[in-house]
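Here is the structure we will look at.
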Amino acid sequence: MESYHIRGGNPISGEHAVSGAKNAALPILAASIVTGEENLFSGCPRISDTAIMREILRYLGCKTLLSGDQLLVDASGLHGEEIPKALMEKMRSSIFLVGPLLTRRGRAVISQPGGCAIGKRPIDIHIKALSQLGADIEEKDGQLIFTGTKLTGANILLDFPSVGATENVMMAALGARGETVIHNSAREPEIMDLQDYLNSCGARIKGAGTSRIIVKGGYPLHGASHRIMGDRIEAGTYLLAAAGTGGELLVKGIEADAIKSLLKCLRHAGCHVKKQPGQVWLKGPKRLSSAGRIQTAPYPGFPTDLQPQLSAVMTMAEGKTRMEEGIFENRFQYAKQLIKMGADIEIFQRTAIIKGVNFLQGECVTAEDLRGGAALVLAGLMAQGETMVEQIGFIERGYCDFPEGLKKLGGDINRNK
Ligand code: UD1
């Protein structure tokens with residue numbers, strides 16, 4: 001079984017350039033089918049989730065060609081509307097295909113999307129919003145069939161600022177007659193990247209980054225070139241690795257504003273942080289202090305996707321940390337693995353109380369989801385002795401060359417087959 005072997009204790013120091021953001025790449029690759037033409041993406045992250053998205057695009061009739069971090073998607077041959085269950089189950093982000101397929105083909109057939117087991121993750125907000133645009137939705141033999149050849153722009157109020165639902169509605173609204181206004185839209189930076197890409201294809205979208213997005217539908221769309229924005233979650237993970245090991249790290253390819261809430265916690269925990277255009281520098285103290293009370297929330301709140309990694313680092317900080325998970329109801333599974341390593345964590349429903357211990361001990365631990373898996377890697381880098389992390393397939397869904405990246409920065413980590 002493939003695993004990472006880590007000998008803890010080395011500071012993570014040096015320079016790291018982040019790859020393109022997974023959470024920007026996935027909706028943007030899905031969106032490319034609305035153009036019916038060739039699109040060239042640079043900064044495409046080489047992770048298994050984007051490989052699955054390419055597989056889905058090819059199944060639907062697109063051609064894709066990957067060279068380094070450049071990905072060409074030729075959507076001129078798009079012929080399908082149905083995503084097979086096997087592909088759908090591999091990745092929750094396959095739900096992003098619904099909006100673009102409705103715009104391009106007037107029909108989309110999916111089964112319930114898969115993804116990491118971090119909560120129930122229903123798709124009711126997507127369904128309600130798409131039906132407000134006029135899509136018919138039918139459930140038959142375990143499949144969801146969306147039909148909508150005559151979508152009409154509408155005023156849509158999302159019950160919760162769901163990232164995926166915001167993006168799906170933006171993409172479906174491109175094919176709707178008239179104007180769509182999405183109220184209570186999610187404000188994540190990746191939504192701005194999707195807007196930028198779509199506007200460069202000829203779309204008329206404004207407001208991404210705020211809680212009110214306006215899409216003018218019905219404009220002809222064409223292929224475009226686009227650079228995928230840097231991955232703020234990868235940046236945060238590396239900064240936390242440096243913070244937890246007393247390292248000094250410059251992370252390039254990221255705007256500090258996109259991880260403002262994390263940088264605030266890191267400063268609170270005793271790190272020196274400097275923001276520069278397109279990069280962030282951090283120096284960790286000998287021992288971190290607790291970051292205090294943290295609650296994950298939609299952007300610009302503290303990102304749920306960095307909650308496990310921050311918790312891992314807090315296990316060895318001085319004092320008590322209170323971590324409240326405000327987005328997903330089941331995002332503390334990794335805690336029992338950290339407890340095996342000697343961490344003192346108590347879970348009360350959606351809250352973890354972490355009391356800092358003097359050391360963690362290397363152990364054999366198992367990743368159960370993407371970010372929880374990254375948290376175990378960070379714990380391994382901080383621990384005494386050797387840590388083996390199993391089920392690394394979860395981690396490789398979202399981190400490109402993770403062991404190689406950490407190794408270059410001084411981490412003693414190897415990937416074993
Ligand atoms: C996206 C990110 C994921 C991140 C999450 C929250 C991508 C590819 N993934 O996921 O990494 O953790 O945002 O920042 O961008 N919900 C419903 N009904 C819905 C949709 C969502 O109840 O129809 C709930 C979810 O169960 C969850 C919350 O809303 O509790 C947030 O989900 P959402 O913002 O939609 O996350 P994703 O788009 O799936």
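Just remember, in the structure tokens the first chain shown is A, the second B, etc., residues are 1-based per chain, and ligands are 1-based in the order shown.
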(request) Determine, counting only C-alpha atoms, which protein, DNA and RNA residues have an atom within 12 Å of an atom of Leu239 of chain A; residues of the same chain fewer than 5 positions away are not included. Present the result as a PyMOL selection string. (result) chain A and resi 11-18+232-234+244-252+254+256+259+262-263+265-267+271-274+279-284+306+309-310+313+378+406+409
Please tabulate, as JSON lines, the residues of segment 3-91 of chain A that come within 7 Å of segment 189-206 of chain A, each with its closest pair of atoms and the distance in Å to one decimal, counting only C-alpha atoms and ordering rows by chain, then residue number upward.
```
{"residue": "A:Asn23", "atom": "CA", "partner": "A:Glu190", "partner_atom": "CA", "distance": 6.4}
{"residue": "A:Ala24", "atom": "CA", "partner": "A:Glu190", "partner_atom": "CA", "distance": 4.8}
{"residue": "A:Ile28", "atom": "CA", "partner": "A:Leu194", "partner_atom": "CA", "distance": 5.7}
```
Could the residues in this selection be written to a file with all heavy atoms, as a CSV table (one decimal), in the first residue's frame?
```csv
chain,number,residue,atom,x,y,z
A,23,ASN,N,-9.4,24.3,-6.2
A,23,ASN,CA,-10.8,24.8,-6.1
A,23,ASN,C,-11.2,25.8,-7.2
A,23,ASN,O,-12.3,26.2,-7.3
A,23,ASN,CB,-11.2,25.3,-4.7
A,23,ASN,CG,-11.3,24.1,-3.7
A,23,ASN,OD1,-11.2,23.0,-4.1
A,23,ASN,ND2,-11.4,24.5,-2.5
A,24,ALA,N,-10.1,26.4,-7.9
A,24,ALA,CA,-10.4,27.2,-9.0
A,24,ALA,C,-10.4,26.4,-10.3
A,24,ALA,O,-11.2,26.5,-11.1
A,24,ALA,CB,-9.4,28.3,-9.1
A,28,ILE,N,-13.4,25.8,-13.3
A,28,ILE,CA,-13.0,26.4,-14.5
A,28,ILE,C,-12.9,25.4,-15.6
A,28,ILE,O,-13.4,25.6,-16.8
A,28,ILE,CB,-11.7,27.2,-14.3
A,28,ILE,CG1,-12.0,28.5,-13.5
A,28,ILE,CG2,-11.1,27.6,-15.7
A,28,ILE,CD1,-10.8,29.3,-13.2
```
(message) Counting only C-alpha atoms and all ligand atoms, what are the residues, protein, DNA or RNA alike, that approach ligand 1 to within 7 Å? I want them as number ranges by chain.
(response) A: 22-24, 26-27, 92-93, 119-127, 160-165, 298, 303-305, 327-329
(message) What's around segment 141-157 of chain A at 6 Å? Count only C-alpha atoms, leave out sequence neighbours fewer than 4 positions away in its own chain, and write the answer as a ChimeraX atom specification.
(response) /A:106-111,133-137,176-183
Put those residues in a file: all heavy atoms, as a tab-separated table (two decimals), in the first residue's frame.
```
chain	number	residue	atom	x	y	z
A	106	GLY	N	-28.54	21.90	-22.75
A	106	GLY	CA	-29.93	21.92	-22.27
A	106	GLY	C	-30.30	20.69	-21.45
A	106	GLY	O	-31.46	20.49	-21.10
A	107	ARG	N	-29.31	19.88	-21.11
A	107	ARG	CA	-29.60	18.66	-20.36
A	107	ARG	C	-28.34	18.19	-19.63
A	107	ARG	O	-27.23	18.31	-20.17
A	107	ARG	CB	-30.06	17.59	-21.36
A	107	ARG	CG	-30.62	16.33	-20.72
A	107	ARG	CD	-31.37	15.50	-21.78
A	107	ARG	NE	-31.96	14.32	-21.18
A	107	ARG	CZ	-31.36	13.14	-21.09
A	107	ARG	NH1	-30.14	12.99	-21.58
A	107	ARG	NH2	-31.96	12.12	-20.52
A	108	ALA	N	-28.52	17.64	-18.45
A	108	ALA	CA	-27.40	17.05	-17.71
A	108	ALA	C	-27.92	15.89	-16.89
A	108	ALA	O	-28.98	16.00	-16.27
A	108	ALA	CB	-26.76	18.10	-16.79
A	109	VAL	N	-27.21	14.78	-16.92
A	109	VAL	CA	-27.63	13.61	-16.15
A	109	VAL	C	-26.48	13.21	-15.22
A	109	VAL	O	-25.37	12.94	-15.68
A	109	VAL	CB	-28.00	12.43	-17.08
A	109	VAL	CG1	-28.51	11.25	-16.26
A	109	VAL	CG2	-29.04	12.86	-18.11
A	110	ILE	N	-26.77	13.18	-13.93
A	110	ILE	CA	-25.74	12.82	-12.95
A	110	ILE	C	-26.32	11.84	-11.92
A	110	ILE	O	-27.53	11.68	-11.84
A	110	ILE	CB	-25.18	14.06	-12.20
A	110	ILE	CG1	-26.30	14.75	-11.37
A	110	ILE	CG2	-24.55	15.05	-13.15
A	110	ILE	CD1	-25.79	15.70	-10.32
A	111	SER	N	-25.42	11.23	-11.13
A	111	SER	CA	-25.90	10.52	-9.94
A	111	SER	C	-25.40	11.33	-8.75
A	111	SER	O	-24.68	12.32	-8.93
A	111	SER	CB	-25.38	9.09	-9.91
A	111	SER	OG	-24.00	9.09	-10.11
A	133	LEU	N	-34.08	28.90	-12.10
A	133	LEU	CA	-33.74	29.38	-13.46
A	133	LEU	C	-34.64	28.72	-14.50
A	133	LEU	O	-34.54	29.02	-15.68
A	133	LEU	CB	-32.28	29.06	-13.79
A	133	LEU	CG	-31.18	29.87	-13.12
A	133	LEU	CD1	-29.81	29.33	-13.53
A	133	LEU	CD2	-31.29	31.35	-13.51
A	134	GLY	N	-35.44	27.77	-14.07
A	134	GLY	CA	-36.37	27.12	-15.00
A	134	GLY	C	-35.98	25.70	-15.38
A	134	GLY	O	-36.62	25.10	-16.25
A	135	ALA	N	-34.93	25.15	-14.74
A	135	ALA	CA	-34.54	23.77	-15.07
A	135	ALA	C	-35.54	22.79	-14.44
A	135	ALA	O	-36.01	23.02	-13.33
A	135	ALA	CB	-33.13	23.48	-14.55
A	136	ASP	N	-35.88	21.75	-15.20
A	136	ASP	CA	-36.71	20.67	-14.65
A	136	ASP	C	-35.78	19.64	-14.08
A	136	ASP	O	-34.79	19.27	-14.73
A	136	ASP	CB	-37.51	19.99	-15.78
A	136	ASP	CG	-38.74	20.79	-16.11
A	136	ASP	OD1	-39.28	21.43	-15.20
A	136	ASP	OD2	-39.11	20.81	-17.30
A	137	ILE	N	-36.10	19.14	-12.89
A	137	ILE	CA	-35.21	18.15	-12.28
A	137	ILE	C	-36.02	16.93	-11.91
A	137	ILE	O	-37.04	17.02	-11.23
A	137	ILE	CB	-34.50	18.75	-11.04
A	137	ILE	CG1	-33.65	19.94	-11.52
A	137	ILE	CG2	-33.58	17.73	-10.38
A	137	ILE	CD1	-33.60	21.08	-10.58
A	176	ALA	N	-29.04	31.34	-19.82
A	176	ALA	CA	-30.42	31.77	-19.55
A	176	ALA	C	-30.70	33.11	-20.24
A	176	ALA	O	-29.79	33.93	-20.40
A	176	ALA	CB	-30.62	31.90	-18.04
A	177	ARG	N	-31.95	33.31	-20.60
A	177	ARG	CA	-32.33	34.59	-21.20
A	177	ARG	C	-32.39	35.66	-20.12
A	177	ARG	O	-32.99	35.43	-19.06
A	177	ARG	CB	-33.72	34.47	-21.85
A	177	ARG	CG	-33.69	34.67	-23.36
A	177	ARG	CD	-35.06	34.54	-23.98
A	177	ARG	NE	-35.80	33.41	-23.44
A	177	ARG	CZ	-36.98	33.52	-22.84
A	177	ARG	NH1	-37.55	34.69	-22.68
A	177	ARG	NH2	-37.62	32.44	-22.40
A	178	GLY	N	-31.75	36.80	-20.34
A	178	GLY	CA	-31.85	37.90	-19.38
A	178	GLY	C	-30.87	37.80	-18.23
A	178	GLY	O	-29.88	37.06	-18.30
A	179	GLU	N	-31.19	38.56	-17.19
A	179	GLU	CA	-30.22	38.74	-16.09
A	179	GLU	C	-30.55	37.84	-14.89
A	179	GLU	O	-31.69	37.72	-14.50
A	179	GLU	CB	-30.31	40.21	-15.67
A	179	GLU	CG	-29.26	40.62	-14.69
A	179	GLU	CD	-29.30	42.12	-14.40
A	179	GLU	OE1	-28.76	42.90	-15.22
A	179	GLU	OE2	-29.87	42.50	-13.36
A	180	THR	N	-29.49	37.26	-14.34
A	180	THR	CA	-29.64	36.49	-13.10
A	180	THR	C	-28.87	37.21	-11.99
A	180	THR	O	-27.73	37.63	-12.21
A	180	THR	CB	-29.06	35.07	-13.27
A	180	THR	OG1	-29.83	34.39	-14.26
A	180	THR	CG2	-29.09	34.28	-11.97
A	181	VAL	N	-29.52	37.37	-10.86
A	181	VAL	CA	-28.81	37.95	-9.71
A	181	VAL	C	-28.75	36.88	-8.63
A	181	VAL	O	-29.78	36.34	-8.23
A	181	VAL	CB	-29.52	39.22	-9.19
A	181	VAL	CG1	-28.69	39.86	-8.07
A	181	VAL	CG2	-29.76	40.22	-10.31
A	182	ILE	N	-27.53	36.55	-8.20
A	182	ILE	CA	-27.37	35.56	-7.12
A	182	ILE	C	-27.12	36.32	-5.83
A	182	ILE	O	-26.09	36.98	-5.68
A	182	ILE	CB	-26.19	34.60	-7.40
A	182	ILE	CG1	-26.23	34.07	-8.85
A	182	ILE	CG2	-26.17	33.44	-6.41
A	182	ILE	CD1	-24.97	33.34	-9.27
A	183	HIS	N	-28.10	36.26	-4.93
A	183	HIS	CA	-27.97	36.92	-3.63
A	183	HIS	C	-27.41	35.92	-2.62
A	183	HIS	O	-27.67	34.73	-2.72
A	183	HIS	CB	-29.34	37.41	-3.15
A	183	HIS	CG	-29.99	38.39	-4.08
A	183	HIS	ND1	-29.78	39.74	-4.03
A	183	HIS	CD2	-30.84	38.18	-5.12
A	183	HIS	CE1	-30.49	40.33	-4.98
A	183	HIS	NE2	-31.14	39.40	-5.66
```
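Residues lying within 12 Å of Ile52 of chain A, counting only C-alpha atoms and ignoring same-chain neighbours fewer than 4 positions away, are A:Ala25, A:Leu26, A:Leu29, A:Ala30, A:Arg46, A:Ile47, A:Ser48, A:Ile56, A:Leu57, A:Arg58, A:Tyr59, A:Thr64, A:Ile83, A:Ala86, A:Leu87, A:Met88, A:Glu89, A:Lys90, A:Met91, A:Arg92, A:Ser93, A:Ser94, A:Gly115, A:Arg397, A:Gly398.
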Just to be explicit: take each residue in the selection above, keep C-alpha atoms, and write the result as a PDB file, in the first residue's frame.
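Saved to out-v8.pdb:
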```pdb
ATOM      1  CA  ALA A  25      -9.237  24.665 -11.558  1.00  0.00           C
ATOM      2  CA  LEU A  26     -12.153  22.258 -11.082  1.00  0.00           C
ATOM      3  CA  LEU A  29     -12.267  23.142 -16.355  1.00  0.00           C
ATOM      4  CA  ALA A  30     -15.951  22.246 -16.125  1.00  0.00           C
ATOM      5  CA  ARG A  46      -1.266  18.008 -11.402  1.00  0.00           C
ATOM      6  CA  ILE A  47      -3.459  16.348  -8.813  1.00  0.00           C
ATOM      7  CA  SER A  48      -5.785  13.385  -9.062  1.00  0.00           C
ATOM      8  CA  ILE A  56     -15.055  13.357 -17.399  1.00  0.00           C
ATOM      9  CA  LEU A  57     -14.432  16.005 -20.067  1.00  0.00           C
ATOM     10  CA  ARG A  58     -13.016  13.359 -22.408  1.00  0.00           C
ATOM     11  CA  TYR A  59     -15.996  11.090 -21.742  1.00  0.00           C
ATOM     12  CA  THR A  64      -7.559  17.393 -23.458  1.00  0.00           C
ATOM     13  CA  ILE A  83     -21.737  11.545 -16.432  1.00  0.00           C
ATOM     14  CA  ALA A  86     -18.305   5.535 -11.609  1.00  0.00           C
ATOM     15  CA  LEU A  87     -16.805   8.950 -12.498  1.00  0.00           C
ATOM     16  CA  MET A  88     -19.376  10.887 -10.500  1.00  0.00           C
ATOM     17  CA  GLU A  89     -18.555   8.880  -7.360  1.00  0.00           C
ATOM     18  CA  LYS A  90     -14.864   9.651  -7.631  1.00  0.00           C
ATOM     19  CA  MET A  91     -15.280  13.351  -7.046  1.00  0.00           C
ATOM     20  CA  ARG A  92     -17.917  15.677  -5.637  1.00  0.00           C
ATOM     21  CA  SER A  93     -16.849  18.415  -8.053  1.00  0.00           C
ATOM     22  CA  SER A  94     -18.490  16.518 -10.902  1.00  0.00           C
ATOM     23  CA  GLY A 115     -16.128  13.234  -2.418  1.00  0.00           C
ATOM     24  CA  ARG A 397      -6.415  14.486  -4.627  1.00  0.00           C
ATOM     25  CA  GLY A 398      -5.396  17.990  -3.679  1.00  0.00           C
TER      26      GLY A 398
END
```
(request) Might you pull out every residue within 7 Å of Ala269 of chain A, with only C-alpha atoms counted and same-chain residues fewer than 4 positions away left off, and present them as a PyMOL selection string? (result) chain A and resi 265+288-291
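Between Pro220 of chain A and the residues A:Lys264, A:Arg287, A:Arg104, A:Lys140, the shortest atom-to-atom distance, using only C-alpha atoms, involves A:Arg104.
For the pair atom CA of Ala75 of chain A and atom CA of Asp49 of chain A, the interatomic distance is 19.3 Å.
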(request) Among the residues of segment 253-304 of chain A, find those DSSP assigns to strand (DSSP E) from the backbone and print them as an MDAnalysis selection string. (result) chainID A and resid 272:276 279:283 293:295
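Residue nearest Phe302 of chain A within the list A:Thr315, A:Gln276, A:Ser261, A:Asn184: A:Ser261 [criterion: smallest interatomic distance, only C-alpha atoms].
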